[in-house]
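Everything below belongs to run-v8.txt, which stores compact mmCIF, C-alpha atoms.
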# COMPACT_ATOMS: atom_id res chain seq x y z
CA MET H 23 92.40 115.16 41.47
CA SER H 24 92.85 116.41 44.97
CA MET H 25 94.15 114.17 47.75
CA ILE H 26 94.40 114.45 51.48
CA PRO H 27 97.61 116.38 52.21
CA ALA H 28 100.39 114.47 53.88
CA SER H 29 100.40 114.73 57.63
CA GLN H 30 101.79 113.02 60.67
CA PRO H 31 100.07 109.71 61.62
CA ASP H 32 97.16 110.19 63.95
CA PRO H 33 97.94 108.22 67.15
CA SER H 34 94.23 107.67 67.77
CA PHE H 35 93.74 105.90 64.42
CA GLY H 36 94.72 102.29 63.83
CA PRO H 37 95.81 99.60 66.27
CA PRO H 38 97.14 100.67 69.68
CA PRO H 39 100.92 100.96 69.98
CA PRO H 40 102.66 97.86 71.35
CA THR H 41 103.19 97.87 75.07
CA ARG H 42 106.25 96.64 76.87
CA SER H 43 105.96 92.93 77.44
CA GLN H 44 106.24 91.54 80.92
CA PRO H 45 109.12 89.14 81.72
CA ALA H 46 108.42 85.54 80.85
CA LEU H 47 106.74 83.67 83.68
CA GLY H 48 109.31 80.91 83.60
CA ASN H 49 112.35 83.13 84.09
CA PRO H 50 111.52 84.54 87.55
CA LEU H 51 110.53 81.06 88.73
CA ILE H 52 113.84 79.56 87.61
CA VAL H 53 115.75 82.37 89.31
CA GLU H 54 113.78 81.92 92.53
CA VAL H 55 114.26 78.16 92.55
CA GLY H 56 118.00 78.57 91.95
CA ARG H 57 118.39 81.18 94.67
CA PHE H 58 116.26 79.16 97.07
CA GLY H 59 118.53 76.19 96.41
CA VAL H 60 121.61 78.25 97.25
CA VAL H 61 119.98 79.54 100.43
CA GLY H 62 118.94 75.99 101.26
CA LEU H 63 122.53 74.79 100.99
CA ALA H 64 123.69 77.61 103.25
CA ASN H 65 120.95 76.85 105.76
CA THR H 66 121.83 73.15 105.66
CA ALA H 67 125.44 73.99 106.48
CA VAL H 68 124.34 76.21 109.37
CA ASP H 69 121.97 73.49 110.58
CA LEU H 70 124.61 70.77 110.54
CA VAL H 71 127.30 72.93 112.15
CA VAL H 72 125.06 73.93 115.05
CA LEU H 73 123.72 70.38 115.50
CA ASN H 74 127.12 68.70 115.55
CA ALA H 75 128.58 71.44 117.75
CA LEU H 76 125.87 70.79 120.35
CA ILE H 77 126.50 67.04 120.17
CA LEU H 78 130.26 67.46 120.54
CA LEU H 79 129.96 69.94 123.41
CA THR H 80 127.46 67.89 125.42
CA HIS H 81 128.58 64.36 124.41
CA MET H 82 124.95 63.36 123.96
CA GLY H 83 122.08 63.93 121.58
CA ARG H 84 122.98 61.39 118.95
CA ASN H 85 119.42 60.06 119.10
CA GLY H 86 116.27 60.17 121.19
CA VAL H 87 114.85 63.22 122.95
CA TRP H 88 118.10 65.19 123.11
CA PHE H 89 118.62 64.79 119.39
CA SER H 90 115.15 66.29 118.83
CA ILE H 91 115.98 69.22 121.12
CA PHE H 92 119.34 69.88 119.46
CA LYS H 93 117.79 69.54 116.01
CA ALA H 94 115.09 72.08 116.90
CA ILE H 95 117.74 74.55 118.10
CA SER H 96 119.86 74.15 114.98
CA PHE H 97 116.77 74.53 112.80
CA LEU H 98 115.75 77.78 114.50
CA VAL H 99 119.20 79.23 113.92
CA ALA H 100 119.02 78.22 110.26
CA VAL H 101 115.52 79.63 109.80
CA LEU H 102 116.61 83.06 111.02
CA ASN H 103 119.29 83.04 108.36
CA SER H 104 116.69 81.85 105.86
CA TYR H 105 114.27 84.72 106.53
CA PHE H 106 116.74 87.53 105.96
CA ILE H 107 118.32 86.03 102.84
CA ASN H 108 115.06 84.91 101.24
CA HIS H 109 113.44 88.29 101.86
CA SER H 110 116.31 90.36 100.53
CA TRP H 111 117.55 88.05 97.75
CA THR H 112 115.44 85.02 96.76
CA PHE H 113 112.10 86.86 96.56
CA ALA H 114 113.54 90.37 96.31
CA GLY H 115 111.29 91.30 93.36
CA SER H 116 108.08 90.52 95.24
CA GLY H 117 108.99 90.64 98.91
CA GLY H 118 108.02 94.26 99.45
CA GLU H 119 108.73 96.00 102.72
CA ARG H 120 109.06 93.97 105.87
CA SER H 121 105.86 94.02 107.89
CA VAL H 122 104.31 92.33 110.90
CA SER H 123 101.90 90.49 108.61
CA GLN H 124 104.69 89.17 106.39
CA ALA H 125 106.80 88.15 109.37
CA GLY H 126 103.82 86.36 110.90
CA GLN H 127 103.15 84.45 107.70
CA PHE H 128 106.82 83.53 107.39
CA LEU H 129 106.88 82.33 110.99
CA ALA H 130 103.74 80.22 110.51
CA VAL H 131 105.13 78.53 107.39
CA SER H 132 108.48 78.01 109.10
CA LEU H 133 106.88 76.42 112.15
CA VAL H 134 105.01 73.91 110.01
CA GLY H 135 108.23 73.29 108.09
CA ALA H 136 110.03 72.85 111.42
CA VAL H 137 107.57 70.18 112.51
CA ILE H 138 108.06 68.35 109.21
CA ASN H 139 111.84 68.80 109.37
CA VAL H 140 112.37 67.78 113.00
CA SER H 141 109.84 64.93 112.90
CA SER H 142 111.38 63.41 109.79
CA ALA H 143 114.93 63.75 111.11
CA SER H 144 113.98 62.34 114.52
CA TYR H 145 112.24 59.38 112.95
CA VAL H 146 115.28 58.51 110.83
CA ALA H 147 117.71 58.95 113.74
CA THR H 148 115.66 56.97 116.26
CA PHE H 149 113.71 54.30 114.40
CA ILE H 150 115.85 53.51 111.36
CA SER H 151 118.98 51.45 111.95
CA PRO H 152 122.17 53.02 110.57
CA ILE H 153 123.67 51.47 107.49
CA HIS H 154 126.87 49.59 108.28
CA GLY H 155 129.80 51.99 108.36
CA THR H 156 127.62 55.11 108.71
CA GLU H 157 126.99 54.98 112.47
CA LYS H 158 129.28 57.94 113.08
CA TYR H 159 127.53 60.08 110.50
CA TRP H 160 123.99 58.89 111.13
CA PRO H 161 122.87 62.03 113.03
CA SER H 162 123.93 64.16 110.06
CA ILE H 163 122.23 61.78 107.63
CA ALA H 164 119.04 61.99 109.69
CA ALA H 165 119.29 65.78 109.68
CA LEU H 166 119.67 65.78 105.90
CA ALA H 167 116.56 63.63 105.60
CA GLY H 168 114.63 66.17 107.65
CA THR H 169 115.94 69.03 105.55
CA ALA H 170 114.92 67.29 102.33
CA SER H 171 111.42 66.64 103.71
CA GLY H 172 110.83 70.28 104.56
CA LEU H 173 112.55 71.87 101.58
CA ILE H 174 109.71 71.62 99.06
CA PHE H 175 107.10 72.59 101.63
CA ASN H 176 109.07 75.68 102.67
CA PHE H 177 109.56 76.90 99.10
CA LEU H 178 105.89 76.51 98.20
CA GLY H 179 104.82 78.13 101.45
CA TYR H 180 107.16 81.12 101.12
CA LYS H 181 106.28 81.67 97.47
CA HIS H 182 102.50 81.16 97.51
CA ILE H 183 101.63 82.28 101.06
CA VAL H 184 104.23 84.76 102.29
CA PHE H 185 104.94 86.58 99.03
CA SER H 186 102.08 85.74 96.63
CA SER H 187 99.89 88.80 97.27
CA ARG H 188 102.79 91.16 96.60
CA ARG H 189 103.07 89.91 93.03
CA LEU H 190 99.89 91.87 92.27
CA LEU H 191 101.31 95.18 93.53
CA PRO H 192 103.63 97.52 91.57
CA SER H 193 107.29 96.73 92.08
CA ALA H 194 110.63 97.32 90.39
CA ALA H 195 110.40 93.93 88.69
CA TYR H 196 106.74 94.14 87.66
CA PRO H 197 105.66 97.79 87.23
CA LEU H 198 102.10 98.52 86.22
CA GLU H 199 101.61 99.88 82.73
CA PRO H 200 99.98 103.34 82.63
CA SER H 201 96.41 103.25 81.38
CA THR H 202 95.69 105.01 78.09
CA PRO H 203 92.43 107.02 78.02
CA ALA H 204 90.04 106.10 75.25
CA GLN H 205 89.85 108.58 72.39
CA GLU H 206 87.17 109.06 69.81
CA PRO H 207 88.26 108.33 66.23
CA VAL H 208 88.97 111.36 64.10
CA THR H 209 87.09 111.21 60.80
CA SER H 210 88.84 114.06 59.02
CA VAL H 211 91.96 116.13 59.05
CA PRO H 212 91.29 119.46 60.83
CA GLY H 213 91.58 122.54 58.65
CA ASP H 214 91.11 120.68 55.34
CA PRO H 215 87.60 121.23 53.92
CA ASP H 216 88.29 118.83 51.04
CA ALA H 217 89.23 115.92 53.31
CA GLU H 218 87.11 112.81 53.06
CA PRO H 219 86.16 110.72 56.08
CA ARG H 220 88.93 108.32 57.03
CA GLY H 221 88.48 104.68 56.20
CA GLU H 222 86.35 105.23 53.10
CA GLY H 223 89.27 105.36 50.68
CA VAL H 224 87.44 107.78 48.27
CA LYS H 225 89.32 110.38 46.26
CA ARG H 226 87.69 113.43 44.80
CA ALA H 227 88.14 114.09 41.10
I'd like the structure from this file rewritten - as structure tokens, please.
Amino acid sequence: MSMIPASQPDPSFGPPPPTRSQPALGNPLIVEVGRFGVVGLANTAVDLVVLNALILLTHMGRNGVWFSIFKAISFLVAVLNSYFINHSWTFAGSGGERSVSQAGQFLAVSLVGAVINVSSASYVATFISPIHGTEKYWPSIAALAGTASGLIFNFLGYKHIVFSSRRLLPSAAYPLEPSTPAQEPVTSVPGDPDAEPRGEGVKRA
């Protein structure tokens, strides 16, 4: 009986070769949340330092209108720090190149976050009575309340508005897989007149 001579496997026959799997969806999210938390702590420190420095230098601004003004200034300083670190570190895999469009989106999200942040902090500082023994630290406590109020909004805004469209573009973290052109199945081994069509499993006697 004659059989089909041994040959190298035909790459066009059988199931397609396995492609490189993309990173798990949960891993980048956990990394981004962790980095955003670190940046948030740094921004909170910057916010509090600037706020308390303004209060100490001017001897006013512990509540009322001046507190709102000082809180807005400290927030703007912190948000500048936030933009550069979040762009280059937190969302580094999807941030892409800096552009006017990206900066505009970041500014819009930050302004809404600023309104939430400053309004919440001002409300706590002005309309909520300090707990006994915390009068000295109440401006900082109010600032922390504002930071907490805007933290979730800022993360969701930066991730899903500022950087979301760049997740669909090729990047170092998520490269596009090259497309494989379709090939017609080969039914016989070239150069072998005795070869039977593939897939039939018939041997000639």
field: Two-atom distance - atom CA of Phe185 of chain H, atom CA of Gly168 of chain H (Å)
entry: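 Result for atom CA of Phe185 of chain H versus atom CA of Gly168 of chain H: 24.2 Å, one decimal.
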message: To one decimal place in Å, what is the distance between atom CA of Asn65 of chain H and atom CA of Ile107 of chain H?
response: 10.0 Å
- prompt: Which distance in Å separates atom CA of Gly56 of chain H and atom CA of Ile95 of chain H, to one decimal?
  reply: 26.5 Å
Skip Trp111 of chain H itself and residues of its chain fewer than 5 positions away, then list as a short mmCIF file (atom, residue, chain, number, x, y, z; two decimals) with C-alpha atoms, in the frame of the given file all residues within 12 Å of it, counting all atoms listed in the file.
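Everything below was put into around.cif:
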data_model
loop_
_atom_site.label_atom_id
_atom_site.label_comp_id
_atom_site.auth_asym_id
_atom_site.auth_seq_id
_atom_site.Cartn_x
_atom_site.Cartn_y
_atom_site.Cartn_z
CA VAL H 53 115.75 82.37 89.31
CA GLU H 54 113.78 81.92 92.53
CA VAL H 55 114.26 78.16 92.55
CA GLY H 56 118.00 78.57 91.95
CA ARG H 57 118.39 81.18 94.67
CA PHE H 58 116.26 79.16 97.07
CA GLY H 59 118.53 76.19 96.41
CA VAL H 60 121.61 78.25 97.25
CA VAL H 61 119.98 79.54 100.43
CA ASN H 103 119.29 83.04 108.36
CA SER H 104 116.69 81.85 105.86
CA TYR H 105 114.27 84.72 106.53
CA PHE H 106 116.74 87.53 105.96
CA SER H 116 108.08 90.52 95.24
CA GLY H 117 108.99 90.64 98.91
CA GLY H 118 108.02 94.26 99.45
#
query: Taking all atoms listed in the file into account, which of H:Ile138, H:Lys181, H:Leu70, H:Ser110 comes nearest Ile163 of chain H?
result: H:Leu70
- request: Identify the residues within 12 Å of coordinate (119.5, 53.3, 114.7) (same frame as the file), considering all atoms listed in the file, and give the answer as a list in words.
  value: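 Protein and nucleic acid residues near the point are Arg84, Asn85, Gly86, Ala143, Ser144, Tyr145, Val146, Ala147, Thr148, Phe149, Ile150, Ser151, Pro152, Ile153, His154, Thr156, Glu157, Lys158, Tyr159, Trp160, Pro161, Ile163 and Ala164 of chain H.
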message: Quick one: residues within 12 Å of Gly172 of chain H, all atoms listed in the file, excluding same-chain residues fewer than 5 positions away - as a list in words?
response: Gly62, Thr66, Phe97, Val101, Val131, Ser132, Leu133, Val134, Gly135, Ala136, Val137, Ile138, Asn139, Val140, Ser141, Ser142, Ala143, Ala165, Leu166, Ala167, Phe177, Leu178, Gly179 and Tyr180 of chain H
field: Best match for closeness to Ile52 of chain H among H:Val99, H:Gly83, H:Ile77, H:Thr112, counting all atoms listed in the file
entry: H:Thr112
Report the centre and edge lengths, in Å to one decimal, of an axis-aligned box enclosing every atom of segment 81-98 of chain H listed in the file, padded by 6 Å on each side, as JSON.
{"center_x": 121.7, "center_y": 68.9, "center_z": 118.6, "size_x": 25.7, "size_y": 29.7, "size_z": 23.6}
